[in-house]
>>> print(open('entry23.cif').read())   # mmCIF, C-alpha atoms
data_work
loop_
_atom_site.label_atom_id
_atom_site.label_comp_id
_atom_site.auth_asym_id
_atom_site.auth_seq_id
_atom_site.Cartn_x
_atom_site.Cartn_y
_atom_site.Cartn_z
CA MET A 1 0.00 0.00 0.00
CA ARG A 2 0.94 3.69 -0.10
CA ALA A 3 1.19 5.83 3.02
CA ILE A 4 2.36 9.26 4.13
CA HIS A 5 5.81 9.13 5.73
CA ILE A 6 7.77 11.66 7.78
CA GLN A 7 11.11 12.77 6.38
CA ASN A 8 13.66 14.23 8.82
CA PRO A 9 11.49 14.05 11.96
CA GLY A 10 12.03 17.19 13.99
CA LYS A 11 11.78 20.94 13.48
CA ASN A 12 12.35 20.72 9.72
CA SER A 13 10.32 17.61 8.97
CA SER A 14 8.40 17.12 5.75
CA LEU A 15 5.77 14.67 4.49
CA PHE A 16 5.96 12.40 1.46
CA ILE A 17 3.97 9.48 0.05
CA ASP A 18 5.75 6.17 -0.44
CA GLU A 19 5.19 2.43 -0.15
CA ALA A 20 4.56 0.74 3.21
CA PRO A 21 3.62 -2.82 4.21
CA THR A 22 -0.12 -3.44 4.08
CA PRO A 23 -1.23 -4.42 7.60
CA GLU A 24 -2.69 -7.88 8.10
CA PRO A 25 -5.73 -8.23 10.37
CA LYS A 26 -5.43 -10.36 13.47
CA ALA A 27 -8.20 -12.76 14.40
CA ASN A 28 -10.28 -10.04 16.08
CA GLU A 29 -9.43 -7.23 13.64
CA ILE A 30 -10.77 -5.98 10.33
CA LEU A 31 -8.76 -4.55 7.43
CA ILE A 32 -10.14 -1.23 6.21
CA LYS A 33 -9.69 0.44 2.83
CA ILE A 34 -9.42 4.02 4.08
CA GLU A 35 -11.51 6.61 2.23
CA ALA A 36 -10.83 9.57 4.52
CA THR A 37 -8.86 10.54 7.60
CA ALA A 38 -8.54 13.77 9.59
CA LEU A 39 -5.83 15.89 11.17
CA ASN A 40 -5.16 16.29 14.88
CA ARG A 41 -2.58 18.39 16.70
CA ALA A 42 -0.99 15.14 17.83
CA ASP A 43 0.05 14.67 14.19
CA LEU A 44 1.97 17.95 14.28
CA LEU A 45 3.69 16.90 17.49
CA GLN A 46 4.54 13.43 16.21
CA ARG A 47 6.29 14.71 13.10
CA THR A 48 8.52 16.89 15.27
CA GLY A 49 9.44 13.91 17.43
CA ASN A 50 7.52 15.14 20.49
CA TYR A 51 4.66 12.63 20.52
CA PRO A 52 5.80 9.12 19.61
CA PRO A 53 3.12 6.48 19.02
CA PRO A 54 2.37 4.02 21.84
CA GLU A 55 4.30 0.77 21.87
CA GLY A 56 3.02 -1.57 19.19
CA ALA A 57 1.09 1.12 17.31
CA SER A 58 1.70 2.07 13.69
CA GLU A 59 4.42 4.68 13.10
CA ILE A 60 2.24 6.18 10.36
CA LEU A 61 0.38 9.39 11.27
CA GLY A 62 -3.38 9.46 11.64
CA LEU A 63 -5.60 8.84 14.66
CA GLU A 64 -8.95 8.28 12.96
CA MET A 65 -10.42 7.02 9.72
CA ALA A 66 -13.52 6.14 7.74
CA GLY A 67 -13.60 3.47 5.08
CA VAL A 68 -14.81 0.10 3.84
CA VAL A 69 -14.16 -3.33 5.33
CA GLU A 70 -11.79 -5.09 2.92
CA GLU A 71 -11.01 -8.23 4.90
CA THR A 72 -12.03 -9.75 8.23
CA GLY A 73 -10.03 -11.70 10.81
CA THR A 74 -10.81 -15.34 11.50
CA LYS A 75 -12.93 -14.61 14.61
CA ILE A 76 -14.98 -11.74 13.21
CA THR A 77 -18.76 -12.08 13.32
CA LYS A 78 -19.76 -8.43 13.69
CA TRP A 79 -18.59 -7.08 10.32
CA GLU A 80 -18.62 -8.22 6.71
CA THR A 81 -16.65 -7.21 3.63
CA GLY A 82 -18.17 -4.06 2.19
CA ASP A 83 -19.41 -2.60 5.48
CA CYS A 84 -18.77 1.12 5.92
CA VAL A 85 -17.12 1.88 9.26
CA PHE A 86 -15.25 4.61 11.13
CA GLY A 87 -13.20 4.61 14.28
CA LEU A 88 -10.35 5.71 16.48
CA LEU A 89 -6.77 4.61 15.75
CA ALA A 90 -3.53 4.70 17.71
CA GLY A 91 -1.84 5.45 14.37
CA GLY A 92 -2.00 4.49 10.71
CA GLY A 93 -4.74 6.73 9.31
CA TYR A 94 -2.57 8.47 6.69
CA ALA A 95 -2.53 5.39 4.48
CA GLU A 96 -4.55 3.38 2.00
CA TYR A 97 -5.27 0.61 4.52
CA CYS A 98 -5.36 0.11 8.29
CA THR A 99 -6.54 -2.49 10.77
CA ILE A 100 -8.81 -1.91 13.75
CA HIS A 101 -10.24 -4.11 16.50
CA GLU A 102 -13.80 -5.11 15.59
CA ASP A 103 -15.22 -3.57 18.78
CA MET A 104 -13.60 -0.18 18.14
CA ALA A 105 -15.14 0.13 14.68
CA MET A 106 -18.50 1.90 14.42
CA GLY A 107 -20.96 1.70 11.56
CA ILE A 108 -21.26 4.90 9.54
CA PRO A 109 -24.78 6.36 9.70
CA GLU A 110 -26.35 6.42 6.22
CA ASN A 111 -26.69 10.20 6.26
CA LEU A 112 -22.93 10.75 6.73
CA SER A 113 -20.23 10.74 4.06
CA PHE A 114 -16.80 9.20 4.55
CA LYS A 115 -15.41 12.72 4.98
CA GLU A 116 -17.89 13.50 7.74
CA ALA A 117 -17.42 10.16 9.48
CA ALA A 118 -13.63 10.54 9.47
CA ALA A 119 -13.99 13.87 11.26
CA ILE A 120 -15.78 12.32 14.26
CA PRO A 121 -13.71 9.73 16.20
CA GLU A 122 -10.76 11.54 17.77
CA THR A 123 -12.45 14.81 18.62
CA PHE A 124 -15.88 13.54 19.63
CA LEU A 125 -14.49 10.64 21.66
CA THR A 126 -11.99 12.97 23.37
CA ALA A 127 -14.76 15.45 24.18
CA PHE A 128 -17.11 12.67 25.32
CA GLN A 129 -14.44 11.17 27.56
CA ALA A 130 -13.70 14.58 29.09
CA LEU A 131 -17.29 15.63 29.71
CA ASP A 132 -18.93 12.30 30.55
CA TRP A 133 -16.29 9.97 31.98
CA LEU A 134 -13.90 12.46 33.61
CA ALA A 135 -15.88 15.60 34.51
CA GLU A 136 -19.14 13.67 35.02
CA LEU A 137 -21.11 16.60 33.66
CA GLU A 138 -24.69 16.59 34.94
CA GLU A 139 -27.93 17.86 33.45
CA GLU A 140 -28.19 21.65 33.18
CA GLU A 141 -24.79 22.36 34.74
CA THR A 142 -22.61 25.16 33.39
CA VAL A 143 -19.55 24.24 31.34
CA LEU A 144 -16.75 26.51 30.13
CA ILE A 145 -15.13 25.26 26.91
CA HIS A 146 -11.87 26.85 25.80
CA ALA A 147 -10.48 26.60 22.25
CA ALA A 148 -14.09 26.45 21.16
CA GLY A 149 -13.24 26.57 17.45
CA SER A 150 -11.05 23.48 17.57
CA GLY A 151 -12.22 20.01 16.57
CA VAL A 152 -12.60 18.94 20.20
CA GLY A 153 -14.12 22.29 21.14
CA THR A 154 -16.83 22.17 18.48
CA SER A 155 -17.56 18.56 19.44
CA ALA A 156 -17.72 19.33 23.15
CA ILE A 157 -20.19 22.18 22.62
CA GLN A 158 -22.57 19.88 20.75
CA LEU A 159 -22.29 17.06 23.28
CA ALA A 160 -22.81 19.42 26.22
CA HIS A 161 -25.88 20.86 24.50
CA TYR A 162 -27.61 17.70 23.27
CA LEU A 163 -26.63 15.16 25.93
CA TYR A 164 -26.80 17.33 29.05
CA GLY A 165 -28.75 20.49 28.23
CA ALA A 166 -25.85 22.37 29.77
CA GLN A 167 -25.38 26.12 29.91
CA ILE A 168 -22.33 26.59 27.69
CA ILE A 169 -19.69 29.29 27.77
CA ALA A 170 -17.11 29.28 24.96
CA THR A 171 -13.84 31.12 24.41
CA ALA A 172 -11.84 31.59 21.22
CA GLY A 173 -9.56 34.19 19.66
CA LYS A 174 -11.39 34.86 16.39
CA GLN A 175 -14.91 36.10 15.75
CA HIS A 176 -15.80 33.44 13.19
CA LYS A 177 -14.91 30.75 15.75
CA LEU A 178 -17.14 32.44 18.33
CA ASP A 179 -19.95 32.65 15.75
CA THR A 180 -19.62 28.92 15.08
CA ALA A 181 -19.68 28.19 18.82
CA LYS A 182 -22.96 30.11 19.18
CA GLU A 183 -24.45 28.30 16.18
CA LEU A 184 -23.57 24.95 17.75
CA GLY A 185 -25.23 25.72 21.06
CA ALA A 186 -23.01 28.00 23.16
CA ASP A 187 -25.01 30.44 25.28
CA PHE A 188 -22.10 32.86 25.72
CA ALA A 189 -18.94 33.28 23.62
CA TYR A 190 -15.98 35.48 24.54
CA ASN A 191 -12.88 36.56 22.65
CA TYR A 192 -10.01 35.89 25.04
CA LYS A 193 -7.80 38.35 23.11
CA GLU A 194 -10.19 41.24 23.62
CA GLN A 195 -12.16 40.36 26.75
CA ASN A 196 -11.44 39.19 30.27
CA TYR A 197 -13.64 36.11 30.11
CA ALA A 198 -13.62 35.67 33.89
CA GLN A 199 -15.08 39.15 34.42
CA LYS A 200 -17.64 38.55 31.69
CA ILE A 201 -18.73 35.25 33.23
CA ILE A 202 -19.04 36.75 36.70
CA GLY A 203 -21.10 39.59 35.21
CA THR A 204 -23.49 37.33 33.31
CA THR A 205 -23.83 34.05 35.20
CA GLY A 206 -22.56 35.21 38.58
CA PRO A 207 -19.51 34.45 40.74
CA ASP A 208 -18.45 30.83 41.30
CA SER A 209 -20.89 29.70 38.61
CA VAL A 210 -18.94 27.30 36.35
CA ASP A 211 -19.29 23.62 37.19
CA VAL A 212 -16.90 22.20 34.57
CA VAL A 213 -13.97 23.68 32.65
CA LEU A 214 -12.57 21.97 29.57
CA ASP A 215 -9.12 23.46 28.99
CA PHE A 216 -6.56 22.94 26.23
CA ILE A 217 -4.57 26.12 26.92
CA GLY A 218 -3.11 25.78 30.42
CA ARG A 219 -0.95 28.51 31.92
CA PRO A 220 -2.73 31.71 30.72
CA TYR A 221 -6.12 30.51 31.95
CA TRP A 222 -5.33 28.97 35.34
CA HIS A 223 -6.10 32.00 37.51
CA LYS A 224 -9.25 32.98 35.59
CA ASN A 225 -10.51 29.41 35.76
CA MET A 226 -10.04 29.45 39.52
CA GLU A 227 -12.06 32.68 39.74
CA VAL A 228 -15.16 31.35 37.99
CA LEU A 229 -15.32 27.74 39.19
CA ALA A 230 -18.20 26.77 41.44
CA ILE A 231 -18.14 24.73 44.63
CA ASP A 232 -17.33 21.12 43.65
CA GLY A 233 -16.20 22.38 40.25
CA ARG A 234 -14.16 20.17 37.92
CA VAL A 235 -11.36 21.01 35.50
CA VAL A 236 -10.19 18.65 32.75
CA TYR A 237 -6.90 19.46 31.01
CA LEU A 238 -6.41 17.96 27.55
CA SER A 239 -3.41 20.01 26.42
CA PHE A 240 -1.21 22.95 27.39
CA LEU A 241 -1.04 24.94 24.16
CA GLY A 242 -0.33 28.14 26.12
CA GLY A 243 2.32 26.62 28.38
CA HIS A 244 2.36 24.47 31.51
CA LYS A 245 4.17 26.54 34.14
CA VAL A 246 1.87 28.76 36.21
CA GLU A 247 3.36 31.67 38.17
CA GLU A 248 2.33 32.43 41.76
CA ILE A 249 -0.14 29.60 41.96
CA SER A 250 -2.41 29.44 45.01
CA LEU A 251 -3.87 26.15 46.16
CA VAL A 252 -6.50 27.87 48.29
CA PRO A 253 -9.31 27.76 45.66
CA ILE A 254 -8.85 24.00 45.28
CA LEU A 255 -9.49 23.47 48.98
CA ARG A 256 -12.06 26.22 49.50
CA LYS A 257 -14.18 25.20 46.50
CA ARG A 258 -13.50 21.44 46.78
CA LEU A 259 -12.24 21.39 43.19
CA SER A 260 -11.30 18.31 41.18
CA ILE A 261 -8.55 18.71 38.58
CA LYS A 262 -7.84 15.98 36.03
CA GLY A 263 -5.67 15.59 32.97
CA SER A 264 -5.98 13.07 30.20
CA THR A 265 -4.69 11.87 26.87
CA LEU A 266 -6.55 9.27 24.84
CA ARG A 267 -3.98 7.81 22.47
CA ASN A 268 -1.99 5.87 25.07
CA ARG A 269 -5.04 4.44 26.85
CA SER A 270 -5.42 0.66 26.81
CA GLN A 271 -7.27 -0.97 23.96
CA GLN A 272 -9.98 -2.16 26.34
CA TYR A 273 -10.48 1.40 27.60
CA LYS A 274 -10.93 2.61 24.02
CA ILE A 275 -13.30 -0.24 23.23
CA ASP A 276 -15.46 0.58 26.27
CA LEU A 277 -15.37 4.29 25.42
CA SER A 278 -16.32 3.66 21.79
CA LYS A 279 -19.24 1.44 22.83
CA ASP A 280 -20.54 3.95 25.37
CA PHE A 281 -20.15 6.80 22.89
CA SER A 282 -21.96 4.85 20.17
CA SER A 283 -24.88 3.95 22.41
CA LYS A 284 -25.42 7.56 23.46
CA THR A 285 -24.69 9.48 20.25
CA LEU A 286 -25.10 7.53 17.00
CA SER A 287 -28.86 8.14 16.97
CA LEU A 288 -28.13 11.86 17.31
CA PHE A 289 -25.78 11.74 14.33
CA GLU A 290 -28.43 9.85 12.38
CA GLY A 291 -31.00 12.48 13.33
CA GLY A 292 -28.74 15.35 12.37
CA GLN A 293 -28.54 16.88 15.83
CA LEU A 294 -24.84 16.08 16.13
CA LYS A 295 -22.56 16.78 13.20
CA PRO A 296 -18.82 17.07 12.67
CA VAL A 297 -17.70 20.59 11.86
CA ILE A 298 -15.44 20.35 8.80
CA ASP A 299 -13.16 23.29 8.14
CA SER A 300 -11.60 22.08 4.89
CA VAL A 301 -10.86 19.00 2.80
CA PHE A 302 -7.46 18.31 1.21
CA ASP A 303 -6.27 15.59 -1.12
CA TRP A 304 -3.81 13.52 0.87
CA GLU A 305 -1.07 14.51 -1.60
CA ASP A 306 -1.50 18.03 -0.17
CA ALA A 307 -1.13 16.92 3.44
CA GLU A 308 1.71 19.40 3.97
CA GLN A 309 -0.63 22.30 3.19
CA ALA A 310 -3.25 20.84 5.49
CA HIS A 311 -0.72 20.61 8.32
CA GLN A 312 0.32 24.20 7.74
CA ARG A 313 -3.28 25.36 8.01
CA MET A 314 -3.61 23.67 11.39
CA LYS A 315 -0.21 24.89 12.54
CA ASN A 316 -1.26 28.46 11.74
CA ASN A 317 -4.49 27.95 13.74
CA LYS A 318 -6.67 28.89 10.77
CA ASN A 319 -9.11 26.02 11.05
CA THR A 320 -12.51 26.02 12.69
CA GLY A 321 -13.36 22.38 13.19
CA LYS A 322 -11.72 19.46 11.41
CA ILE A 323 -9.32 19.29 8.48
CA VAL A 324 -9.94 16.15 6.41
CA LEU A 325 -7.71 14.23 4.00
CA THR A 326 -9.10 12.13 1.14
CA GLY A 327 -7.96 10.49 -2.07
CA MET A 328 -6.06 7.54 -0.64
#
>>> encode(input="entry23.cif", output="structure tokens")
Amino acid sequence: MRAIHIQNPGKNSSLFIDEAPTPEPKANEILIKIEATALNRADLLQRTGNYPPPEGASEILGLEMAGVVEETGTKITKWETGDCVFGLLAGGGYAEYCTIHEDMAMGIPENLSFKEAAAIPETFLTAFQALDWLAELEEEETVLIHAAGSGVGTSAIQLAHYLYGAQIIATAGKQHKLDTAKELGADFAYNYKEQNYAQKIIGTTGPDSVDVVLDFIGRPYWHKNMEVLAIDGRVVYLSFLGGHKVEEISLVPILRKRLSIKGSTLRNRSQQYKIDLSKDFSSKTLSLFEGGQLKPVIDSVFDWEDAEQAHQRMKNNKNTGKIVLTGM
């Protein structure tokens, strides 16, 4: 098969398409002819050498895919050749073929294209894990979602709205991202470059009013998050795009407000964890995708031969929602 490879991993890396061994499905795996995959910031980190794949995972970039079952392992009873599926990968999405455990694959709803299905797994499962499994968001609570224009951000807004009826506060640095957040269900949307979101939240929803914070930024937001969190509030960190060292940190709000602070990555979780997460996600959301309530937000679609341009768009933070690759 052909796949996208990394040349000179590091600061000056580049991408190129070349031959690679076609994976062979194990007894409980299916071989997929990939029709579309999508970008994640983990891909940018991996090509610089800062986010190696978990042990045993494919070295090829790509954490999600949508495609057609080409071959089934000897113990497969759930899927047949020709079935259209999508799912989360530990690596291997930037290629013509990949394998996936049968219980991690999900059937593509008939109303979704391969492009749309490929834009779901990594971001929606990450958002679902953060809101449901980690933060344990409850009905009608208030959630603050940073990086609201990102793939995970746009997914989290929709899940918080349709699964929990939450009051949603979103932050982003560009007006079109804030507009998208409002369209998806955010009740309030603030430009962190122009507004002190903590003051705005206190002025609109009151002091100590945020039950859950979903944060990808880290350092610049720590103190403001502490200001707005409610008693028994929860913070889930998924990245530290703004840095990880916080100056003059006070632990008092954690004790006074009984806060819970968690961090998580998804890629290096066990296969069983991902299987359980995929099953729970499917049971609670696939009907909403079928009904059109939930939908992946697609920023742009690139032919996989133009993957370098797609990476540059993400690196420059120009995308709202997912960047998809097709043409494998």
>>> closest_residue(input="entry23.cif", among="A:Thr204, A:Ala172, A:Ile217, A:Ala186", to="Thr320 (chain A)", atoms="only C-alpha atoms")
A:Ala172
>>> resolve_selection(input="entry23.cif", expression="the PyMOL selection byres ((chain A and resi 141) around 8)", output="MDAnalysis selection string")
chainID A and resid 137:140 142:143 164:167 210:212
>>> resolve_selection(input="entry23.cif", expression="the PyMOL selection byres ((chain A and resi 311) around 10)", output="ChimeraX atom specification")
/A:15,39-41,43-44,306-310,312-317,323
>>> write_last_selection(input="entry23.cif", atoms="C-alpha atoms", output="CSV table (one decimal), in the coordinates of the input")
chain,number,residue,atom,x,y,z
A,15,LEU,CA,5.8,14.7,4.5
A,39,LEU,CA,-5.8,15.9,11.2
A,40,ASN,CA,-5.2,16.3,14.9
A,41,ARG,CA,-2.6,18.4,16.7
A,43,ASP,CA,0.0,14.7,14.2
A,44,LEU,CA,2.0,18.0,14.3
A,306,ASP,CA,-1.5,18.0,-0.2
A,307,ALA,CA,-1.1,16.9,3.4
A,308,GLU,CA,1.7,19.4,4.0
A,309,GLN,CA,-0.6,22.3,3.2
A,310,ALA,CA,-3.2,20.8,5.5
A,312,GLN,CA,0.3,24.2,7.7
A,313,ARG,CA,-3.3,25.4,8.0
A,314,MET,CA,-3.6,23.7,11.4
A,315,LYS,CA,-0.2,24.9,12.5
A,316,ASN,CA,-1.3,28.5,11.7
A,317,ASN,CA,-4.5,28.0,13.7
A,323,ILE,CA,-9.3,19.3,8.5
>>> atom_distance(input="entry23.cif", atom1="CA of Leu259 (chain A)", atom2="CA of Leu134 (chain A)")
13.2 Å
>>> resolve_selection(input="entry23.cif", expression="the PyMOL selection byres ((chain A and resi 238) around 10)", output="CSV table (one decimal) with C-alpha atoms, in the frame of the given file")
chain,number,residue,atom,x,y,z
A,126,THR,CA,-12.0,13.0,23.4
A,127,ALA,CA,-14.8,15.4,24.2
A,130,ALA,CA,-13.7,14.6,29.1
A,152,VAL,CA,-12.6,18.9,20.2
A,214,LEU,CA,-12.6,22.0,29.6
A,215,ASP,CA,-9.1,23.5,29.0
A,216,PHE,CA,-6.6,22.9,26.2
A,217,ILE,CA,-4.6,26.1,26.9
A,218,GLY,CA,-3.1,25.8,30.4
A,235,VAL,CA,-11.4,21.0,35.5
A,236,VAL,CA,-10.2,18.6,32.8
A,237,TYR,CA,-6.9,19.5,31.0
A,239,SER,CA,-3.4,20.0,26.4
A,240,PHE,CA,-1.2,23.0,27.4
A,241,LEU,CA,-1.0,24.9,24.2
A,262,LYS,CA,-7.8,16.0,36.0
A,263,GLY,CA,-5.7,15.6,33.0
A,264,SER,CA,-6.0,13.1,30.2
A,265,THR,CA,-4.7,11.9,26.9
A,266,LEU,CA,-6.6,9.3,24.8
>>> closest_residue(input="entry23.cif", among="A:Lys11, A:Pro23, A:Trp79, A:Ile298", to="Asn319 (chain A)", atoms="all atoms listed in the file")
A:Ile298
>>> atom_distance(input="entry23.cif", atom1="CA of Ile100 (chain A)", atom2="CA of Gly67 (chain A)")
11.3 Å
>>> atom_distance(input="entry23.cif", atom1="CA of Pro53 (chain A)", atom2="CA of Phe86 (chain A)")
20.1 Å
>>> residues_around(input="entry23.cif", residues="region 57-63 of chain A", least_positions_apart="5", cutoff="7 Å", atoms="only C-alpha atoms", output="PDB file with C-alpha atoms, in the frame of the given file")
ATOM      1  CA  ILE A   4       2.360   9.260   4.130  1.00  0.00           C
ATOM      2  CA  HIS A   5       5.810   9.130   5.730  1.00  0.00           C
ATOM      3  CA  THR A  37      -8.860  10.540   7.600  1.00  0.00           C
ATOM      4  CA  LEU A  39      -5.830  15.890  11.170  1.00  0.00           C
ATOM      5  CA  ASP A  43       0.050  14.670  14.190  1.00  0.00           C
ATOM      6  CA  LEU A  88     -10.350   5.710  16.480  1.00  0.00           C
ATOM      7  CA  LEU A  89      -6.770   4.610  15.750  1.00  0.00           C
ATOM      8  CA  ALA A  90      -3.530   4.700  17.710  1.00  0.00           C
ATOM      9  CA  GLY A  91      -1.840   5.450  14.370  1.00  0.00           C
ATOM     10  CA  GLY A  92      -2.000   4.490  10.710  1.00  0.00           C
ATOM     11  CA  GLY A  93      -4.740   6.730   9.310  1.00  0.00           C
ATOM     12  CA  TYR A  94      -2.570   8.470   6.690  1.00  0.00           C
ATOM     13  CA  GLU A 122     -10.760  11.540  17.770  1.00  0.00           C
TER      14      GLU A 122
END
